[in-house]
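The file work_21.cif comes next; it holds mmCIF, C-alpha atoms.
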data_entry
loop_
_atom_site.label_atom_id
_atom_site.label_comp_id
_atom_site.auth_asym_id
_atom_site.auth_seq_id
_atom_site.Cartn_x
_atom_site.Cartn_y
_atom_site.Cartn_z
CA GLY S 1 104.31 130.70 78.67
CA ALA S 2 105.95 127.70 77.10
CA VAL S 3 103.47 125.51 75.30
CA VAL S 4 103.52 121.99 74.02
CA SER S 5 100.98 121.59 71.27
CA GLN S 6 99.60 118.06 71.07
CA HIS S 7 97.27 116.74 68.42
CA PRO S 8 94.99 115.31 67.57
CA SER S 9 93.02 115.91 70.75
CA TRP S 10 90.94 112.86 70.01
CA VAL S 11 90.91 110.12 67.42
CA ILE S 12 88.78 107.08 66.68
CA CYS S 13 90.35 104.34 64.63
CA LYS S 14 89.60 100.81 63.57
CA SER S 15 91.42 97.82 65.01
CA GLY S 16 94.57 97.04 63.11
CA THR S 17 95.23 100.56 61.91
CA SER S 18 97.97 102.91 63.09
CA VAL S 19 97.59 106.30 64.70
CA LYS S 20 100.21 109.03 64.99
CA ILE S 21 100.18 111.56 67.81
CA GLU S 22 102.31 114.69 67.53
CA CYS S 23 103.74 116.95 70.18
CA ARG S 24 105.36 120.20 69.17
CA SER S 25 107.17 122.63 71.43
CA LEU S 26 106.11 126.04 70.20
CA ASP S 27 108.65 128.49 71.59
CA PHE S 28 111.40 126.40 73.09
CA GLN S 29 113.52 123.38 72.38
CA ALA S 30 112.44 120.06 73.83
CA THR S 31 115.51 117.92 74.17
CA THR S 32 113.65 115.25 76.10
CA MET S 33 110.03 114.23 75.71
CA PHE S 34 108.12 111.97 78.06
CA TRP S 35 105.12 110.00 76.86
CA TYR S 36 102.47 109.00 79.36
CA ARG S 37 99.34 106.89 79.12
CA GLN S 38 96.31 107.24 81.35
CA PHE S 39 93.46 104.76 81.57
CA PRO S 40 90.06 105.87 82.95
CA LYS S 41 90.11 106.71 86.66
CA GLN S 42 93.82 105.93 86.87
CA SER S 43 96.91 108.07 87.19
CA LEU S 44 99.42 108.86 84.48
CA MET S 45 101.87 106.08 83.74
CA LEU S 46 105.13 106.74 81.95
CA MET S 47 105.46 104.78 78.72
CA ALA S 48 108.73 106.01 77.31
CA THR S 49 111.31 108.75 77.29
CA SER S 50 112.73 110.09 74.08
CA ASN S 51 115.76 112.27 73.50
CA GLU S 52 116.26 114.21 70.31
CA GLY S 53 118.31 112.26 67.83
CA SER S 54 118.48 109.02 69.79
CA LYS S 55 116.35 105.95 70.45
CA ALA S 56 113.61 106.13 73.00
CA THR S 57 113.81 104.35 76.33
CA TYR S 58 110.71 102.32 77.10
CA GLU S 59 109.31 101.42 80.49
CA GLN S 60 108.93 97.80 81.43
CA GLY S 61 105.91 96.23 79.81
CA VAL S 62 105.63 98.78 77.00
CA GLU S 63 106.21 97.25 73.57
CA LYS S 64 108.66 99.36 71.61
CA ASP S 65 107.57 97.84 68.31
CA LYS S 66 103.98 98.76 68.98
CA PHE S 67 104.51 102.27 70.28
CA LEU S 68 106.95 103.89 67.89
CA ILE S 69 108.50 107.12 69.06
CA ASN S 70 110.32 109.53 66.82
CA HIS S 71 112.11 112.57 68.16
CA ALA S 72 113.99 113.75 65.13
CA SER S 73 114.01 117.44 65.98
CA LEU S 74 114.08 119.64 69.04
CA THR S 75 110.56 120.83 68.41
CA LEU S 76 108.72 117.67 67.37
CA SER S 77 108.19 114.27 68.92
CA THR S 78 105.70 111.72 67.65
CA LEU S 79 104.14 108.59 69.09
CA THR S 80 102.69 106.09 66.63
CA VAL S 81 100.41 103.38 67.95
CA THR S 82 100.77 100.59 65.42
CA SER S 83 98.18 97.92 64.77
CA ALA S 84 95.94 99.42 67.38
CA HIS S 85 93.59 97.23 69.41
CA PRO S 86 90.72 98.19 71.69
CA GLU S 87 92.93 97.69 74.74
CA ASP S 88 95.13 100.53 73.44
CA SER S 89 92.23 102.92 73.92
CA SER S 90 93.53 105.44 76.41
CA PHE S 91 94.51 109.05 77.02
CA TYR S 92 98.05 109.75 75.78
CA ILE S 93 99.97 112.76 77.07
CA CYS S 94 103.38 114.15 76.22
CA SER S 95 105.53 116.22 78.53
CA THR S 96 108.84 117.94 78.42
CA LYS S 97 111.13 119.85 80.73
CA LEU S 98 111.66 123.52 80.09
CA ASP S 99 115.18 124.82 79.91
CA ARG S 100 114.36 127.65 82.28
CA GLY S 101 113.07 127.54 85.78
CA ASN S 102 113.34 124.68 88.21
CA TYR S 103 109.73 123.62 87.99
CA GLY S 104 109.55 123.53 84.26
CA TYR S 105 107.61 120.48 83.20
CA THR S 106 104.94 121.31 80.70
CA PHE S 107 102.37 118.94 79.29
CA GLY S 108 100.46 118.57 76.08
CA SER S 109 96.69 118.71 76.21
CA GLY S 110 96.43 114.97 75.63
CA THR S 111 95.02 112.70 72.94
CA ARG S 112 92.00 110.53 73.57
CA LEU S 113 92.42 107.39 71.46
CA THR S 114 89.46 105.11 70.94
CA VAL S 115 90.01 101.91 68.99
CA VAL S 116 86.87 100.24 67.69
CA ASP E 1 111.55 110.14 94.82
CA ALA E 2 109.91 110.05 98.21
CA LYS E 3 106.49 108.41 98.46
CA THR E 4 103.51 110.68 98.97
CA THR E 5 100.09 109.97 100.45
CA GLN E 6 97.01 112.00 99.60
CA PRO E 7 93.32 111.53 100.39
CA PRO E 8 91.51 110.14 97.35
CA SER E 9 88.82 112.81 97.30
CA MET E 10 87.68 116.05 98.87
CA ASP E 11 84.78 118.44 98.42
CA CYS E 12 84.87 122.18 98.84
CA ALA E 13 82.20 124.85 98.61
CA GLU E 14 82.66 127.44 95.90
CA GLY E 15 84.30 130.58 97.24
CA ARG E 16 85.77 128.82 100.25
CA ALA E 17 89.38 127.84 100.72
CA ALA E 18 90.35 124.35 99.61
CA ASN E 19 93.08 122.77 101.73
CA LEU E 20 94.64 119.70 100.18
CA PRO E 21 97.01 117.69 102.39
CA CYS E 22 99.96 115.58 101.39
CA ASN E 23 102.11 113.35 103.57
CA HIS E 24 105.72 112.75 102.58
CA SER E 25 107.34 111.43 105.74
CA THR E 26 110.39 109.99 103.96
CA ILE E 27 111.32 113.20 102.17
CA SER E 28 115.03 113.88 101.86
CA GLY E 29 116.70 117.18 102.57
CA ASN E 30 117.22 118.01 98.91
CA GLU E 31 113.77 117.00 97.69
CA TYR E 32 111.20 119.57 96.69
CA VAL E 33 107.44 119.34 97.00
CA TYR E 34 105.63 119.95 93.72
CA TRP E 35 101.93 120.26 93.06
CA TYR E 36 100.27 119.67 89.72
CA ARG E 37 96.62 119.38 88.84
CA GLN E 38 94.76 117.68 86.02
CA ILE E 39 91.40 118.90 84.92
CA HIS E 40 89.33 116.17 83.33
CA SER E 41 90.58 115.15 79.87
CA GLN E 42 93.42 117.66 79.90
CA GLY E 43 97.15 117.43 80.49
CA PRO E 44 98.51 118.17 83.97
CA GLN E 45 99.24 121.76 84.91
CA TYR E 46 101.97 123.00 87.23
CA ILE E 47 100.69 124.84 90.30
CA ILE E 48 103.48 125.51 92.76
CA HIS E 49 106.56 124.02 94.38
CA GLY E 50 108.68 124.56 97.48
CA LEU E 51 111.62 123.23 99.47
CA LYS E 52 111.09 124.31 103.07
CA ASN E 53 109.60 127.77 103.10
CA ASN E 54 105.96 128.50 102.47
CA GLU E 55 105.29 129.66 98.96
CA THR E 56 102.54 131.66 97.31
CA ASN E 57 101.75 132.49 93.73
CA GLU E 58 98.74 133.64 91.79
CA MET E 59 97.21 130.19 91.84
CA ALA E 60 97.79 128.84 95.32
CA SER E 61 99.77 128.76 98.54
CA LEU E 62 101.96 125.91 99.70
CA ILE E 63 102.47 125.35 103.40
CA ILE E 64 105.26 122.94 104.36
CA THR E 65 105.58 121.79 107.95
CA GLU E 66 108.78 122.53 109.79
CA ASP E 67 109.84 118.88 109.74
CA ARG E 68 108.90 118.79 106.02
CA LYS E 69 107.02 115.53 106.48
CA SER E 70 103.78 116.97 105.20
CA SER E 71 102.43 119.88 103.25
CA THR E 72 99.15 121.55 102.36
CA LEU E 73 98.13 123.14 99.12
CA ILE E 74 95.69 125.97 99.63
CA LEU E 75 93.39 127.35 96.98
CA PRO E 76 92.18 130.48 98.76
CA HIS E 77 88.89 130.97 96.94
CA ALA E 78 87.95 127.82 95.09
CA THR E 79 85.89 128.11 91.93
CA LEU E 80 84.08 125.45 89.93
CA ARG E 81 86.97 125.49 87.47
CA ASP E 82 89.29 124.26 90.22
CA THR E 83 87.57 120.88 90.15
CA ALA E 84 90.43 118.56 89.20
CA VAL E 85 92.76 115.83 90.41
CA TYR E 86 95.60 117.34 92.42
CA TYR E 87 98.93 115.56 92.53
CA CYS E 88 101.61 116.06 95.16
CA ILE E 89 105.04 114.97 93.91
CA VAL E 90 108.26 114.95 95.89
CA ARG E 91 111.53 114.86 94.02
CA VAL E 92 115.00 116.27 93.71
CA ASN E 93 115.20 119.33 91.54
CA SER E 94 117.58 118.01 88.94
CA GLY E 95 118.93 120.08 86.10
CA SER E 96 118.49 117.15 83.76
CA ALA E 97 115.11 116.03 82.53
CA ARG E 98 113.62 113.17 84.52
CA GLN E 99 110.06 111.95 84.36
CA LEU E 100 107.48 112.97 86.93
CA THR E 101 106.01 110.04 88.83
CA PHE E 102 102.32 110.54 89.52
CA GLY E 103 100.51 108.93 92.41
CA SER E 104 96.76 108.62 92.60
CA GLY E 105 96.22 112.24 93.68
CA THR E 106 93.21 113.88 95.29
CA GLN E 107 90.02 114.45 93.34
CA LEU E 108 88.84 117.88 94.43
CA THR E 109 85.24 118.67 93.66
CA VAL E 110 84.17 122.26 94.11
CA LEU E 111 80.46 122.41 94.81
CA PRO E 112 78.23 125.35 93.84
#

Show the structure stored in the file as structure tokens.
Amino acid sequence: GAVVSQHPSWVICKSGTSVKIECRSLDFQATTMFWYRQFPKQSLMLMATSNEGSKATYEQGVEKDKFLINHASLTLSTLTVTSAHPEDSSFYICSTKLDRGNYGYTFGSGTRLTVV
Amino acid sequence: DAKTTQPPSMDCAEGRAANLPCNHSTISGNEYVYWYRQIHSQGPQYIIHGLKNNETNEMASLIITEDRKSSTLILPHATLRDTAVYYCIVRVNSGSARQLTFGSGTQLTVLP
């Protein structure tokens, strides 16, 4: 089946540093990528939507200068958490819609970010 | 997307059927019912979806009431690996990509 490969699966970084998370679509083209964030014991919350070749659309309350999204190709989208702080520690998940089928939303395996 | 209501948690004995309810009383005629699940520290996984007819696949069955105001996801023989948060999502099946909106879901715990 269609797979979105997300990595790293976990990362620990120091406050003030930046972390890049990658999501690659392995056997299909991902025109649109959704980025979610999930805090412990909470549900997934949409952070931003990116379309290949254009600027991402951010949800209210999500700082676009802090969470940089690049979707330069149909198979790769990246989320960079800049100047990370402990409150950015969370589980980050990417998702995209498959071209085929009417249920086709597939998700990456998630990235556990811990900022110390 | 129509609002959904799910119980926060349920337990089920291993090998028994797990029946997870979802209320969606404001569902519109063109909205589908989707079920996803999220095993701890993993990304969500698609399970099944339906419009008005009952559906079955290799993972589960979906029973939608005649008035479509509620549905039940059935895992016929639950295993320990089915322990997860199950999300019921109601939305129009659009050809264009649109984000999934997740509620709080039901934490299903399968007990040995």

Exercise for review: Using the chain letters and numbering of this document, enumerate as an MDAnalysis selection string the residues selected by the PyMOL selection byres ((chain S) within 10 of (chain E)).
Suggested key: chainID S and resid 6 9 30:36 38 40:46 48:49 51 91:112

Expressed in Å, the length from atom CA of S:Ile12 to atom CA of S:Arg37 is 16.3 Å

Expand the PyMOL selection byres ((chain S and resi 18) around 12) into the explicit residue set it covers here, and present it as a ChimeraX atom specification.
/S:11-17,19-21,66-68,79-85,88,113-115

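This file, filtered with the PyMOL selection byres ((chain E and resi 57) around 12), gives the residues Tyr46, Ile47, Ile48, His49, Gly50, Asn54, Glu55, Thr56, Glu58, Met59, Ala60, Ser61, Leu62, Leu73, Ile74, Leu75 and Pro76 of chain E.
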
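When atom CA of S:Thr78 is paired with atom CA of E:His40, their separation reads 23.1 Å.
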
Show me as a compact mmCIF listing (two decimals) with C-alpha atoms, in the frame of the given file the residues that reach within 9 Å of (109.5, 110.2, 66.5), counting all atoms listed in the file and using the file's own coordinates.
# COMPACT_ATOMS: atom_id res chain seq x y z
CA GLU S 22 102.31 114.69 67.53
CA SER S 50 112.73 110.09 74.08
CA GLU S 52 116.26 114.21 70.31
CA LYS S 55 116.35 105.95 70.45
CA ALA S 56 113.61 106.13 73.00
CA LEU S 68 106.95 103.89 67.89
CA ILE S 69 108.50 107.12 69.06
CA ASN S 70 110.32 109.53 66.82
CA HIS S 71 112.11 112.57 68.16
CA ALA S 72 113.99 113.75 65.13
CA SER S 73 114.01 117.44 65.98
CA LEU S 76 108.72 117.67 67.37
CA SER S 77 108.19 114.27 68.92
CA THR S 78 105.70 111.72 67.65
CA LEU S 79 104.14 108.59 69.09
CA THR S 80 102.69 106.09 66.63

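The interatomic distance for the pair atom CA of E:Val90 and atom CA of E:Asn19 works out to 18.0 Å.
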
Which neighbours of E:Leu80 fall inside 7 Å, counting all atoms listed in the file, when residues of the same chain fewer than 5 positions from it are skipped, and could you give them as a list in words? Glu14, Val110 and Leu111 of chain E

Shell around stretch 63-70 of chain E at 6 Å using all atoms listed in the file, local window under 3 positions removed, as a short mmCIF file (atom, residue, chain, number, x, y, z; two decimals) with C-alpha atoms, keeping the file's coordinate frame:
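This went into selection_9.cif:
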data_model
loop_
_atom_site.label_atom_id
_atom_site.label_comp_id
_atom_site.auth_asym_id
_atom_site.auth_seq_id
_atom_site.Cartn_x
_atom_site.Cartn_y
_atom_site.Cartn_z
CA CYS E 22 99.96 115.58 101.39
CA ASN E 23 102.11 113.35 103.57
CA HIS E 24 105.72 112.75 102.58
CA SER E 25 107.34 111.43 105.74
CA ASN E 54 105.96 128.50 102.47
#

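With only C-alpha atoms as the atoms that count, the minimum distance from E:Cys88 to the choices E:Leu108, E:Ala2, E:Ala13, E:Val33 is reached by E:Val33.
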